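> Sharing a structure, written as structure tokens. Questions coming.
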Amino acid sequence: MPEDQIKPPQPKSVLVGPPGSTREIAILHRPAETRPEAPALVWLGGYRSDMSGTKAIEMDALAAECGSEAIRFDYSGHGASGGEFRDGTISRWLEEALAVLDALKPTRVVLVGSSMGGWIALLLARELRRRGSLALDGLALIAPAPDFTSELIEPHLTEDQRQALKDKGYFEEPSEYSPEPNIYTRALIEDGRANQVLKGIIETGCPVHILQGMADPDVPYKHALTLMEHLPADDVVLTLIRAGAHRLSRPQDLEKLRSALATLINCD
């Protein structure tokens, strides 16, 4: 479909959480146009990212070209969704991902997880397998950061940061991607320990394609190699991009993403 003929996805929302902590989760939903039998592409963004980012839009554009369904949403405290960012935890954002799928009811999905979204994708895959309510056709993980709180943050905390966590319940650090600092809360870190996946075998039951930059300063490529070791039963493809940084948003990176997604949804 020519770019100027691509229809915008339909805005929706879903309320998540009990009274007193309900948050409105913003969704952009592209229904399938010509391939309703194909799996829906589901975007799971990274920490402090939103569904309007380059890779998320590229995923949606591919779905439009293939006539397939695409689902994007913002976690609470992110983008167009309600809720406070500082209240966010892995469990909370996983709950929201499940609520979005429950609301839209796709029958087959390919989960597309970027950075922290890769961790949520693995947790979501486990829950979907447990439920058995819809088919999981694949995972596309972009610079995946499973267990990043315990593996990539906690070991490198300074004494000042540890004290801030104890005294204030959070610490801040400068962000390379935003003028606003990154905020890491004690609740996020403690909840991260409870949601670790790199402690045993991960069984997704579907093909997994990992895209990882070797020049990534945030998630070292060895982290992707570690993840592969925990996926011994799955069909895993790892694409290492020598000059790729964390965002993997250059044209050549996006082309690799499109190729991986087209394969997973069987779109020639």
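Please note that chains go A, B, ... in the order of the structure tokens, that every chain numbers its residues from 1, and that ligands are numbered from 1 in the order shown.
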Just want the 12 Å neighbourhood of Gly132 of chain A, counted on only C-alpha atoms, with same-chain residues fewer than 5 positions away dropped. Output as a PDB file with all heavy atoms, in the first residue's frame.


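The resulting file, out32.pdb, is reproduced below:
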ATOM      1  N   THR A 107      -6.307 -13.242  17.935  1.00  0.00           N
ATOM      2  CA  THR A 107      -6.253 -14.704  18.073  1.00  0.00           C
ATOM      3  C   THR A 107      -4.827 -15.238  17.967  1.00  0.00           C
ATOM      4  O   THR A 107      -4.536 -16.319  18.482  1.00  0.00           O
ATOM      5  CB  THR A 107      -7.120 -15.383  17.008  1.00  0.00           C
ATOM      6  OG1 THR A 107      -6.701 -14.945  15.702  1.00  0.00           O
ATOM      7  CG2 THR A 107      -8.588 -15.017  17.202  1.00  0.00           C
ATOM      8  N   ARG A 108      -3.961 -14.480  17.282  1.00  0.00           N
ATOM      9  CA  ARG A 108      -2.557 -14.861  17.148  1.00  0.00           C
ATOM     10  C   ARG A 108      -1.724 -13.590  17.292  1.00  0.00           C
ATOM     11  O   ARG A 108      -2.142 -12.515  16.849  1.00  0.00           O
ATOM     12  CB  ARG A 108      -2.258 -15.499  15.782  1.00  0.00           C
ATOM     13  CG  ARG A 108      -3.270 -16.516  15.300  1.00  0.00           C
ATOM     14  CD  ARG A 108      -2.836 -17.165  13.986  1.00  0.00           C
ATOM     15  NE  ARG A 108      -1.676 -18.010  14.212  1.00  0.00           N
ATOM     16  CZ  ARG A 108      -1.761 -19.278  14.630  1.00  0.00           C
ATOM     17  NH1 ARG A 108      -2.932 -19.810  14.883  1.00  0.00           N
ATOM     18  NH2 ARG A 108      -0.677 -19.998  14.809  1.00  0.00           N
ATOM     19  N   LEU A 124       5.281 -11.861  29.234  1.00  0.00           N
ATOM     20  CA  LEU A 124       3.971 -11.968  28.596  1.00  0.00           C
ATOM     21  C   LEU A 124       3.843 -13.298  27.864  1.00  0.00           C
ATOM     22  O   LEU A 124       2.791 -13.949  27.918  1.00  0.00           O
ATOM     23  CB  LEU A 124       3.774 -10.800  27.635  1.00  0.00           C
ATOM     24  CG  LEU A 124       2.424 -10.649  26.946  1.00  0.00           C
ATOM     25  CD1 LEU A 124       1.292 -10.582  27.947  1.00  0.00           C
ATOM     26  CD2 LEU A 124       2.431  -9.399  26.060  1.00  0.00           C
ATOM     27  N   ALA A 125       4.919 -13.718  27.203  1.00  0.00           N
ATOM     28  CA  ALA A 125       4.900 -15.010  26.512  1.00  0.00           C
ATOM     29  C   ALA A 125       4.636 -16.141  27.496  1.00  0.00           C
ATOM     30  O   ALA A 125       3.857 -17.069  27.205  1.00  0.00           O
ATOM     31  CB  ALA A 125       6.227 -15.234  25.790  1.00  0.00           C
ATOM     32  N   ARG A 126       5.268 -16.074  28.658  1.00  0.00           N
ATOM     33  CA  ARG A 126       5.057 -17.112  29.681  1.00  0.00           C
ATOM     34  C   ARG A 126       3.602 -17.137  30.134  1.00  0.00           C
ATOM     35  O   ARG A 126       2.993 -18.210  30.283  1.00  0.00           O
ATOM     36  CB  ARG A 126       5.977 -16.862  30.873  1.00  0.00           C
ATOM     37  CG  ARG A 126       5.881 -17.903  31.970  1.00  0.00           C
ATOM     38  CD  ARG A 126       6.951 -17.683  33.019  1.00  0.00           C
ATOM     39  NE  ARG A 126       6.739 -16.446  33.767  1.00  0.00           N
ATOM     40  CZ  ARG A 126       7.629 -15.949  34.638  1.00  0.00           C
ATOM     41  NH1 ARG A 126       8.782 -16.569  34.834  1.00  0.00           N
ATOM     42  NH2 ARG A 126       7.367 -14.832  35.284  1.00  0.00           N
ATOM     43  N   GLU A 127       3.020 -15.956  30.336  1.00  0.00           N
ATOM     44  CA  GLU A 127       1.631 -15.893  30.790  1.00  0.00           C
ATOM     45  C   GLU A 127       0.668 -16.362  29.707  1.00  0.00           C
ATOM     46  O   GLU A 127      -0.315 -17.058  29.992  1.00  0.00           O
ATOM     47  CB  GLU A 127       1.295 -14.464  31.219  1.00  0.00           C
ATOM     48  CG  GLU A 127      -0.126 -14.261  31.696  1.00  0.00           C
ATOM     49  CD  GLU A 127      -0.502 -15.084  32.917  1.00  0.00           C
ATOM     50  OE1 GLU A 127       0.405 -15.553  33.638  1.00  0.00           O
ATOM     51  OE2 GLU A 127      -1.713 -15.264  33.145  1.00  0.00           O
ATOM     52  N   GLY A 205       8.107 -21.417  23.201  1.00  0.00           N
ATOM     53  CA  GLY A 205       7.342 -22.263  22.291  1.00  0.00           C
ATOM     54  C   GLY A 205       7.157 -21.660  20.918  1.00  0.00           C
ATOM     55  O   GLY A 205       6.282 -22.087  20.159  1.00  0.00           O
TER      56      GLY A 205
END

> Could you pull out the strand (DSSP E) residues of segment 11-45 of chain A from DSSP and send them as a PyMOL selection string?

chain A and resi 11-16+23-30+40-44

> Write down as a ChimeraX atom specification the residues belonging to segment 85-212 of chain A that are assigned helix (DSSP H, G or I) by DSSP computed on the backbone.

/A:85-87,90-104,116-131,148-156,159-167,186-194

> Can I get the residues of segment 15-98 of chain A within 12 Å of segment 154-176 of chain A, each with the closest pair of atoms and their distance in Å to one decimal, using only C-alpha atoms, sorted chain first then ascending number, as a tab-separated table?


residue	atom	partner	partner_atom	distance
A:Tyr47	CA	A:Ser175	CA	11.3
A:Arg48	CA	A:Ser175	CA	10.3
A:Arg86	CA	A:Tyr170	CA	8.7
A:Asp87	CA	A:Tyr170	CA	11.0

> What would the file look like if the residues just selected were written as an mmCIF file, in the first residue's frame with N, CA and C atoms?


data_model
loop_
_atom_site.group_PDB
_atom_site.id
_atom_site.type_symbol
_atom_site.label_atom_id
_atom_site.label_comp_id
_atom_site.auth_asym_id
_atom_site.auth_seq_id
_atom_site.Cartn_x
_atom_site.Cartn_y
_atom_site.Cartn_z
ATOM 1 N N TYR A 47 11.846 1.409 28.446
ATOM 2 C CA TYR A 47 11.748 2.277 29.614
ATOM 3 C C TYR A 47 11.749 3.737 29.167
ATOM 4 N N ARG A 48 10.664 4.436 29.473
ATOM 5 C CA ARG A 48 10.471 5.844 29.119
ATOM 6 C C ARG A 48 10.298 6.067 27.614
ATOM 7 N N ARG A 86 6.489 7.221 38.194
ATOM 8 C CA ARG A 86 7.185 6.723 39.388
ATOM 9 C C ARG A 86 6.458 5.552 40.036
ATOM 10 N N ASP A 87 5.210 5.347 39.688
ATOM 11 C CA ASP A 87 4.473 4.193 40.218
ATOM 12 C C ASP A 87 4.738 2.931 39.408
#

> Can you pull out the residues contacting Thr54 of chain A? Cut-off 12 Å, using only C-alpha atoms, and skip same-chain residues under 5 positions away; I want them as a PyMOL selection string.

chain A and resi 43+45+49+59-61+114+247-251+253-254+257

> Hey, could you make a per-residue contact list for segment 63-149 of chain A against segment 209-225 of chain A with 10 Å as the cut-off, showing the nearest pair of atoms and its distance in Å to one decimal, counting only C-alpha atoms, sorted by chain and number, as a tab-separated table?


residue	atom	partner	partner_atom	distance
A:Val112	CA	A:His209	CA	9.6
A:Gly113	CA	A:Ile210	CA	9.6
A:Ser114	CA	A:Leu211	CA	9.5
A:Ser115	CA	A:Val219	CA	7.9
A:Met116	CA	A:Val219	CA	10.0
A:Gly118	CA	A:Ile210	CA	9.3
A:Gly138	CA	A:His209	CA	8.0
A:Leu139	CA	A:His209	CA	6.3
A:Ala140	CA	A:His209	CA	4.9
A:Leu141	CA	A:Ile210	CA	4.7
A:Ile142	CA	A:Leu211	CA	4.9
A:Ala143	CA	A:Gln212	CA	4.7
A:Pro144	CA	A:Ala224	CA	6.9
A:Ala145	CA	A:Val219	CA	6.4
A:Pro146	CA	A:His223	CA	8.6
A:Asp147	CA	A:His223	CA	9.9
A:Phe148	CA	A:Val219	CA	8.3
